[in-house]
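Pasting upload16.txt here (compact mmCIF, C-alpha atoms and all ligand atoms):
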# COMPACT_ATOMS: atom_id res chain seq x y z
CA MET A 64 0.00 0.00 0.00
CA ASN A 65 1.10 3.55 -0.64
CA VAL A 66 -0.32 7.05 -0.82
CA ARG A 67 -1.04 6.86 -4.54
CA LYS A 68 -3.02 3.60 -4.17
CA LEU A 69 -4.95 4.94 -1.18
CA MET A 70 -5.91 8.10 -3.07
CA ALA A 71 -7.05 6.02 -6.03
CA MET A 72 -9.51 4.16 -3.78
CA LYS A 73 -11.76 7.24 -3.45
CA ASN A 74 -15.22 6.56 -4.88
CA LYS A 75 -14.15 2.99 -5.69
CA VAL A 76 -13.33 0.85 -2.64
CA PRO A 77 -13.87 1.91 0.98
CA ILE A 78 -10.62 2.30 2.94
CA THR A 79 -10.23 0.34 6.19
CA MET A 80 -8.17 1.77 9.02
CA VAL A 81 -7.82 0.68 12.64
CA THR A 82 -5.59 1.78 15.46
CA ALA A 83 -2.93 -0.57 16.81
CA TYR A 84 -0.36 -0.02 19.51
CA ASP A 85 1.64 -3.22 19.83
CA TYR A 86 3.31 -6.11 18.01
CA PHE A 87 0.53 -8.72 18.00
CA SER A 88 -2.31 -6.37 17.14
CA ALA A 89 -0.25 -5.00 14.24
CA LYS A 90 0.59 -8.54 13.10
CA ALA A 91 -3.13 -9.40 13.07
CA CYS A 92 -3.92 -6.27 11.03
CA GLU A 93 -1.29 -7.16 8.45
CA GLU A 94 -2.46 -10.78 8.25
CA VAL A 95 -6.06 -9.76 7.48
CA GLY A 96 -5.12 -7.06 4.97
CA MET A 97 -6.06 -3.83 6.78
CA ASP A 98 -5.44 -0.90 4.41
CA ILE A 99 -3.98 1.44 7.07
CA ILE A 100 -2.78 0.94 10.64
CA LEU A 101 -2.93 4.08 12.78
CA VAL A 102 -0.67 4.45 15.79
CA GLY A 103 -3.10 6.92 17.26
CA ASP A 104 -2.61 9.16 20.25
CA SER A 105 -5.76 7.46 21.55
CA LEU A 106 -3.11 5.20 23.08
CA GLY A 107 -3.18 7.78 25.87
CA ASN A 108 -6.74 6.71 26.69
CA VAL A 109 -6.88 3.02 25.87
CA VAL A 110 -3.35 1.87 26.67
CA LEU A 111 -1.92 4.36 29.15
CA GLY A 112 -5.15 5.09 31.03
CA TYR A 113 -5.22 8.91 30.80
CA ASN A 114 -8.56 10.64 30.34
CA SER A 115 -7.43 12.55 27.26
CA THR A 116 -4.80 12.40 24.54
CA LEU A 117 -3.02 15.49 25.87
CA ASN A 118 -0.57 13.51 28.00
CA VAL A 119 0.82 11.52 25.09
CA LYS A 120 4.45 12.35 24.24
CA MET A 121 6.62 11.76 21.18
CA GLU A 122 8.43 9.01 23.11
CA ASP A 123 5.11 7.17 23.68
CA ILE A 124 4.21 7.26 19.98
CA ILE A 125 7.73 6.21 18.99
CA ARG A 126 7.82 3.25 21.38
CA HIS A 127 4.45 1.94 20.17
CA LEU A 128 5.16 2.76 16.52
CA SER A 129 8.31 0.67 16.58
CA ALA A 130 6.41 -2.30 18.07
CA VAL A 131 3.68 -1.91 15.44
CA ARG A 132 6.26 -1.74 12.65
CA ARG A 133 7.88 -4.96 13.90
CA GLY A 134 4.46 -6.66 13.86
CA ALA A 135 3.45 -5.28 10.47
CA PRO A 136 6.62 -4.87 8.39
CA ASN A 137 4.74 -4.44 5.11
CA SER A 138 1.74 -2.38 6.15
CA PHE A 139 0.98 1.29 5.58
CA ILE A 140 1.37 2.85 9.02
CA VAL A 141 0.26 6.35 9.97
CA ALA A 142 1.60 7.81 13.22
CA ASP A 143 -0.21 10.53 15.13
CA MET A 144 1.77 13.64 15.95
CA PRO A 145 1.02 14.11 19.66
CA PHE A 146 -0.05 17.33 21.36
CA MET A 147 2.75 19.94 21.45
CA SER A 148 4.91 18.09 18.93
CA TYR A 149 3.93 20.52 16.13
CA GLN A 150 2.29 23.48 17.86
CA VAL A 151 5.37 25.32 19.16
CA SER A 152 7.10 26.01 15.85
CA GLU A 153 7.20 24.73 12.29
CA GLU A 154 10.80 23.75 12.84
CA GLU A 155 9.88 21.50 15.74
CA GLY A 156 6.93 20.10 13.77
CA ILE A 157 9.19 19.21 10.86
CA ARG A 158 11.81 17.62 13.10
CA ASN A 159 9.19 15.53 14.95
CA ALA A 160 7.41 14.45 11.76
CA GLY A 161 10.75 13.42 10.27
CA ARG A 162 11.54 11.44 13.41
CA LEU A 163 8.29 9.46 13.12
CA ILE A 164 9.08 8.60 9.52
CA GLN A 165 12.60 7.49 10.53
CA GLU A 166 11.08 5.33 13.29
CA GLY A 167 8.89 3.44 10.81
CA ALA A 168 5.80 5.47 9.89
CA ASN A 169 4.77 5.88 6.25
CA ALA A 170 2.83 9.04 7.04
CA VAL A 171 1.95 11.33 9.92
CA LYS A 172 -1.44 12.62 11.07
CA LEU A 173 -1.99 16.14 12.41
CA GLU A 174 -5.13 17.59 13.95
CA GLY A 175 -6.39 20.96 12.75
CA GLY A 176 -7.27 23.10 9.77
CA LYS A 177 -6.12 26.40 8.29
CA ARG A 178 -3.69 27.16 11.13
CA ILE A 179 -1.47 24.17 10.32
CA ALA A 180 -1.74 24.38 6.51
CA PRO A 181 1.69 26.10 6.11
CA LEU A 182 3.39 23.32 8.12
CA ILE A 183 1.58 20.63 6.12
CA LYS A 184 2.77 22.23 2.86
CA LYS A 185 6.37 22.10 4.06
CA LEU A 186 6.13 18.48 5.22
CA VAL A 187 4.58 17.38 1.93
CA ASP A 188 7.27 19.27 -0.01
CA MET A 189 9.88 17.33 1.97
CA GLY A 190 8.29 14.03 0.99
CA ILE A 191 6.45 13.37 4.26
CA PRO A 192 2.88 12.23 3.53
CA VAL A 193 0.32 13.89 5.80
CA MET A 194 -3.15 12.74 6.84
CA GLY A 195 -5.38 15.57 8.08
CA HIS A 196 -7.89 15.35 10.94
CA ILE A 197 -10.84 17.71 11.45
CA GLY A 198 -14.27 17.58 13.11
CA LEU A 199 -13.76 16.63 16.72
CA THR A 200 -10.05 17.05 17.40
CA PRO A 201 -9.33 15.51 20.82
CA GLN A 202 -6.14 17.54 21.28
CA SER A 203 -8.40 20.64 21.48
CA VAL A 204 -10.81 19.08 23.96
CA ASN A 205 -10.27 21.90 26.47
CA VAL A 206 -11.57 24.36 23.90
CA SER A 207 -14.33 22.49 22.12
CA GLY A 208 -15.29 19.65 24.49
CA TYR A 209 -16.40 16.24 23.20
CA ARG A 210 -19.38 17.07 21.01
CA VAL A 211 -20.58 16.32 17.52
CA GLN A 212 -19.19 18.77 14.96
CA GLY A 213 -20.50 20.18 11.69
CA LYS A 214 -23.94 21.30 12.86
CA GLY A 215 -25.71 24.15 11.01
CA ASP A 216 -23.35 26.79 9.61
CA ASP A 217 -20.36 24.89 11.01
CA SER A 218 -20.87 22.60 8.02
CA TYR A 219 -19.60 25.34 5.64
CA ARG A 220 -16.61 25.98 7.88
CA MET A 221 -15.68 22.29 7.80
CA VAL A 222 -15.97 22.14 4.00
CA GLU A 223 -13.70 25.21 3.74
CA GLU A 224 -11.16 23.72 6.18
CA ALA A 225 -11.15 20.48 4.18
CA LYS A 226 -10.46 22.36 0.95
CA ILE A 227 -7.61 24.27 2.57
CA LEU A 228 -6.07 21.02 3.82
CA GLU A 229 -6.43 19.39 0.41
CA GLU A 230 -4.75 22.43 -1.13
CA ALA A 231 -1.96 22.13 1.47
CA GLY A 232 -1.33 18.59 0.26
CA VAL A 233 -2.87 16.08 2.71
CA PHE A 234 -3.48 12.74 0.99
CA SER A 235 -6.52 11.88 3.11
CA LEU A 236 -8.61 13.41 5.84
CA VAL A 237 -10.04 11.96 9.05
CA LEU A 238 -13.47 13.31 9.98
CA GLU A 239 -14.22 12.62 13.63
CA LEU A 240 -17.62 12.84 15.35
CA THR A 241 -19.24 14.81 12.56
CA MET A 242 -22.84 15.13 11.36
CA GLU A 243 -23.40 12.69 8.51
CA GLU A 244 -24.63 15.35 6.04
CA THR A 245 -21.56 17.50 6.72
CA ALA A 246 -19.19 14.55 6.29
CA LYS A 247 -20.97 13.82 3.01
CA ALA A 248 -20.59 17.44 1.87
CA VAL A 249 -16.89 17.40 2.78
CA SER A 250 -16.35 14.08 1.00
CA GLN A 251 -18.01 15.43 -2.14
CA ALA A 252 -16.16 18.75 -2.03
CA ILE A 253 -12.63 17.31 -2.08
CA SER A 254 -10.84 14.81 -4.30
CA ILE A 255 -8.85 13.07 -1.55
CA PRO A 256 -10.39 10.25 0.54
CA THR A 257 -12.14 11.05 3.80
CA ILE A 258 -11.93 8.49 6.61
CA GLY A 259 -14.70 8.73 9.16
CA ILE A 260 -15.04 7.87 12.81
CA GLY A 261 -18.52 8.76 13.99
CA ALA A 262 -19.00 10.62 10.71
CA GLY A 263 -21.56 8.38 9.02
CA ARG A 264 -21.90 6.39 5.85
CA TYR A 265 -20.65 8.70 3.12
CA CYS A 266 -16.95 8.86 3.96
CA ASP A 267 -14.46 7.11 1.69
CA GLY A 268 -13.26 4.91 4.52
CA GLN A 269 -13.77 4.14 8.20
CA VAL A 270 -11.51 4.00 11.23
CA LEU A 271 -12.15 2.53 14.67
CA VAL A 272 -10.06 2.28 17.80
CA TRP A 273 -8.76 -1.28 18.42
CA HIS A 274 -10.21 -1.55 21.94
CA ASP A 275 -13.65 -0.34 20.81
CA LEU A 276 -13.84 -2.59 17.73
CA LEU A 277 -12.97 -5.69 19.75
CA GLY A 278 -14.96 -4.86 22.88
CA ILE A 279 -11.82 -4.79 25.03
CA ASN A 280 -13.15 -1.43 26.14
CA ASP A 281 -16.16 -2.42 28.26
CA GLU A 282 -16.95 1.14 29.35
CA LYS A 283 -20.02 2.96 27.99
CA LYS A 284 -20.16 2.35 24.23
CA MET A 285 -20.22 5.45 22.04
CA LYS A 286 -23.13 5.51 19.55
CA PHE A 287 -20.84 5.35 16.50
CA VAL A 288 -18.88 2.30 17.68
CA LYS A 289 -19.68 -1.19 16.45
CA ARG A 290 -18.22 -3.91 18.66
CA TYR A 291 -17.20 -6.89 16.52
CA ALA A 292 -16.30 -9.00 19.56
CA ASP A 293 -16.76 -8.97 23.32
CA LEU A 294 -13.17 -9.60 24.32
CA SER A 295 -13.51 -7.91 27.70
CA PHE A 296 -15.95 -10.65 28.72
CA GLN A 297 -13.79 -13.40 27.24
CA ILE A 298 -10.62 -12.06 28.85
CA LYS A 299 -12.25 -11.95 32.28
CA GLU A 300 -13.71 -15.46 31.88
CA ALA A 301 -10.24 -16.76 30.94
CA LEU A 302 -8.61 -15.01 33.91
CA LYS A 303 -11.25 -16.41 36.29
CA ALA A 304 -10.70 -19.92 34.91
CA TYR A 305 -6.92 -19.54 35.41
CA ILE A 306 -7.37 -18.41 39.01
CA GLU A 307 -9.71 -21.34 39.66
CA ASP A 308 -7.28 -23.84 38.10
CA VAL A 309 -4.26 -22.60 40.03
CA LYS A 310 -6.12 -22.38 43.34
CA GLY A 311 -7.62 -25.84 42.74
CA LYS A 312 -4.22 -27.27 41.68
CA LYS A 313 -5.62 -28.18 38.25
CA PHE A 314 -2.89 -26.29 36.39
CA PRO A 315 -0.20 -27.17 35.44
CA GLU A 316 -1.05 -30.69 34.30
CA GLU A 317 1.08 -33.57 32.98
CA GLU A 318 1.22 -32.02 29.49
CA HIS A 319 2.69 -28.75 30.80
CA VAL A 320 5.68 -30.10 32.73
CA PHE A 321 9.28 -30.96 31.83
CA LYS A 322 10.49 -34.43 32.85
CA GLU A 323 13.42 -36.68 31.98
CA GLU A 324 12.43 -39.33 29.36
CA GLY A 325 10.99 -42.46 30.97
CA LYS A 326 10.51 -41.01 34.46
O1 LIG A 401 -5.85 8.62 17.94
C1 LIG A 401 -6.75 8.06 17.31
O2 LIG A 401 -7.13 6.92 17.57
C2 LIG A 401 -7.38 8.82 16.22
C3 LIG A 401 -8.61 8.22 15.62
C4 LIG A 401 -9.77 8.55 16.47
C5 LIG A 401 -8.79 8.67 14.23
O3 LIG A 401 -6.93 9.86 15.89

Would you give me this structure, written as C-alpha cells?
Amino acid sequence: MNVRKLMAMKNKVPITMVTAYDYFSAKACEEVGMDIILVGDSLGNVVLGYNSTLNVKMEDIIRHLSAVRRGAPNSFIVADMPFMSYQVSEEEGIRNAGRLIQEGANAVKLEGGKRIAPLIKKLVDMGIPVMGHIGLTPQSVNVSGYRVQGKGDDSYRMVEEAKILEEAGVFSLVLELTMEETAKAVSQAISIPTIGIGAGRYCDGQVLVWHDLLGINDEKKMKFVKRYADLSFQIKEALKAYIEDVKGKKFPEEEHVFKEEGK
C-alpha cells in the first residue's frame, strides 16, 4: 500500500483503518489485509489510562510505533503527531514528523485546519505524507469539548477547512464525530479520501479504535462504535478460569511439565 493507491480508492473501494499499539495487534492487522494501521494518540486513553490524549508524548508514539512496525513490516502505518509536537514552531513540527518517519511510519497525522496548513505544505514538499484530521479534534478538547461537529453553519466551515487542507497537500482526511450530512458534503467537495469515525456512511473509509472494535473497552459504548467482539468478557472469563485452576491445583497438568524421558 502507498499514498497513490490509497488516493485512487476514493469513490471505488472503501478504505479500512484501525488503530494498533503493539506487536501482536499490528501482526493481526497485516495478516487480514487492513489498508492502514494508525498508531493513534488514543493510546493515551486506551493503553496508558489517561482521560485525554493530551498527555501523550513523542516518546510514547515512537515506542508503540516501533512495536507496530515490527508486527506489520509491510503495512501502511500512519503515526499521530502528539499534542505539542507541532504546535510550538514549524521547525519542531518538521523535526518531529521526520523522526516518526525514521522510526517506521509511512505518514503522519496532524489535527487541525487552516492554522497548520503552512506546516503541512512544508512536510509534503519534503516528501512526508500527511493525513489531516478535522471535526472533533481531541487535542483541542479543552476548547471544544467532546461534542458532535458540523452542525448548522459549522458545516460550511468544515468544508472550507477540508479544501484548505487538500490544497496544502494532505493525501486523506479523518473526519471525527461529525454530522453525517456534513461529512458527506466534505467528501463530495474534495478529491482526496475522507476516513470517518462517527461521521456516518458517506466517507471514503472508516476508522475505529482497536479496543472499541474488539470490545476490550467495556466502558459505555459510544453511539458510533460497532463492537465486533466482546473480548472484555472473554478475557475476564479466561482469567477467572486460570485463578480457579491454580487455586484448585488443576494447572499445570502432565502435558505442561518438563520431565526426563521415561521417568
Ligand atoms: O488517535 C486516534 O485513535 C485517532 C482516531 C480517532 C482517528 O486519531

Got a sec: who's within 8 Å of Arg290 of chain A, counting only C-alpha atoms, leaving out chain neighbours fewer than 4 positions off, as JSON, numbers by chain? {"A": [275, 276, 277, 278]}

So that I can check the surroundings of segment 69-86 of chain A, please list as a PyMOL selection string every protein, DNA and RNA residue that reaches within 7 Å of it, counting only C-alpha atoms and ignoring chain neighbours fewer than 6 positions away. chain A and resi 97-103+106+127-128+130-131+133-134+234+255-256+267-273

For Pro145 of chain A, list every protein, DNA or RNA residue within 12 Å, evaluated using only C-alpha atoms, and leave out those in the same chain fewer than 4 positions away; present the list as a ChimeraX atom specification. /A:102-107,115-125,149-150,156,159-160,163,171-174,200-203

Can those selected residues be exported to a file as an mmCIF file, in the coordinates of the input so that it contains C-alpha atoms?
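Result went into again.cif, see below:
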data_model
loop_
_atom_site.group_PDB
_atom_site.id
_atom_site.type_symbol
_atom_site.label_atom_id
_atom_site.label_comp_id
_atom_site.auth_asym_id
_atom_site.auth_seq_id
_atom_site.Cartn_x
_atom_site.Cartn_y
_atom_site.Cartn_z
ATOM 1 C CA VAL A 102 -0.670 4.450 15.790
ATOM 2 C CA GLY A 103 -3.100 6.920 17.260
ATOM 3 C CA ASP A 104 -2.610 9.160 20.250
ATOM 4 C CA SER A 105 -5.760 7.460 21.550
ATOM 5 C CA LEU A 106 -3.110 5.200 23.080
ATOM 6 C CA GLY A 107 -3.180 7.780 25.870
ATOM 7 C CA SER A 115 -7.430 12.550 27.260
ATOM 8 C CA THR A 116 -4.800 12.400 24.540
ATOM 9 C CA LEU A 117 -3.020 15.490 25.870
ATOM 10 C CA ASN A 118 -0.570 13.510 28.000
ATOM 11 C CA VAL A 119 0.820 11.520 25.090
ATOM 12 C CA LYS A 120 4.450 12.350 24.240
ATOM 13 C CA MET A 121 6.620 11.760 21.180
ATOM 14 C CA GLU A 122 8.430 9.010 23.110
ATOM 15 C CA ASP A 123 5.110 7.170 23.680
ATOM 16 C CA ILE A 124 4.210 7.260 19.980
ATOM 17 C CA ILE A 125 7.730 6.210 18.990
ATOM 18 C CA TYR A 149 3.930 20.520 16.130
ATOM 19 C CA GLN A 150 2.290 23.480 17.860
ATOM 20 C CA GLY A 156 6.930 20.100 13.770
ATOM 21 C CA ASN A 159 9.190 15.530 14.950
ATOM 22 C CA ALA A 160 7.410 14.450 11.760
ATOM 23 C CA LEU A 163 8.290 9.460 13.120
ATOM 24 C CA VAL A 171 1.950 11.330 9.920
ATOM 25 C CA LYS A 172 -1.440 12.620 11.070
ATOM 26 C CA LEU A 173 -1.990 16.140 12.410
ATOM 27 C CA GLU A 174 -5.130 17.590 13.950
ATOM 28 C CA THR A 200 -10.050 17.050 17.400
ATOM 29 C CA PRO A 201 -9.330 15.510 20.820
ATOM 30 C CA GLN A 202 -6.140 17.540 21.280
ATOM 31 C CA SER A 203 -8.400 20.640 21.480
#

How big is the axis-aligned box around the listed atoms of ligand LIG 401 (chain A) once 6 Å is added on each side, and where is its centre? Give both in Å to one decimal, as AutoDock Vina command-line options.
--center_x -7.8 --center_y 8.4 --center_z 16.1 --size_x 15.9 --size_y 14.9 --size_z 15.7

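From atom CA of Ala304 of chain A back to atom CA of Lys322 of chain A, the distance works out to 25.8 Å.
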
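Of the residues under consideration (A:Ile183, A:Ile191, A:Cys266, A:Val204), A:Cys266 shows the shortest atom-to-atom contact distance to Ile253 of chain A when counting all atoms listed in the file.
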
Between A:Ile157, A:Ile140, A:Met221, A:Leu240, which residue has the minimum interatomic distance to Gly208 of chain A, considering all atoms listed in the file?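 Closest to Gly208 of chain A, using all atoms listed in the file: A:Leu240.
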
Return the single residue from A:Lys283, A:Arg67, A:Arg126, A:His274 that is closest to ligand LIG 401 (chain A), with distances computed using all atoms listed in the file.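 Ranking A:Lys283, A:Arg67, A:Arg126, A:His274 by distance to ligand LIG 401 (chain A), first place goes to A:His274.
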
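Among the candidate residues A:Phe146, A:Gly161, A:Ser295, A:Glu166, the one lying nearest to Arg132 of chain A is A:Glu166, with distances computed using only C-alpha atoms.
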
Let me make sure I understand: among A:Tyr219, A:Phe287, A:Phe87, A:Phe321, which one has the smallest atom-to-atom distance to ligand LIG 401 (chain A) if we use all atoms listed in the file?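 Among the listed residues, the smallest separation from ligand LIG 401 (chain A) belongs to A:Phe287.
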
Closest to ligand LIG 401 (chain A) among A:Ala89, A:Ala252, A:Ile258, A:Ala231, using only C-alpha atoms and all ligand atoms?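 Answer, going by the shortest atom-to-atom distance: A:Ile258.
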
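Pairwise distance (atom CA of Val187 of chain A, atom CA of Gly232 of chain A) equals 6.3 Å.
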
Distance atom CA of Ala262 of chain A-atom CA of Glu239 of chain A, one decimal place?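 Taking atom CA of Ala262 of chain A and atom CA of Glu239 of chain A, their separation equals 5.9 Å.
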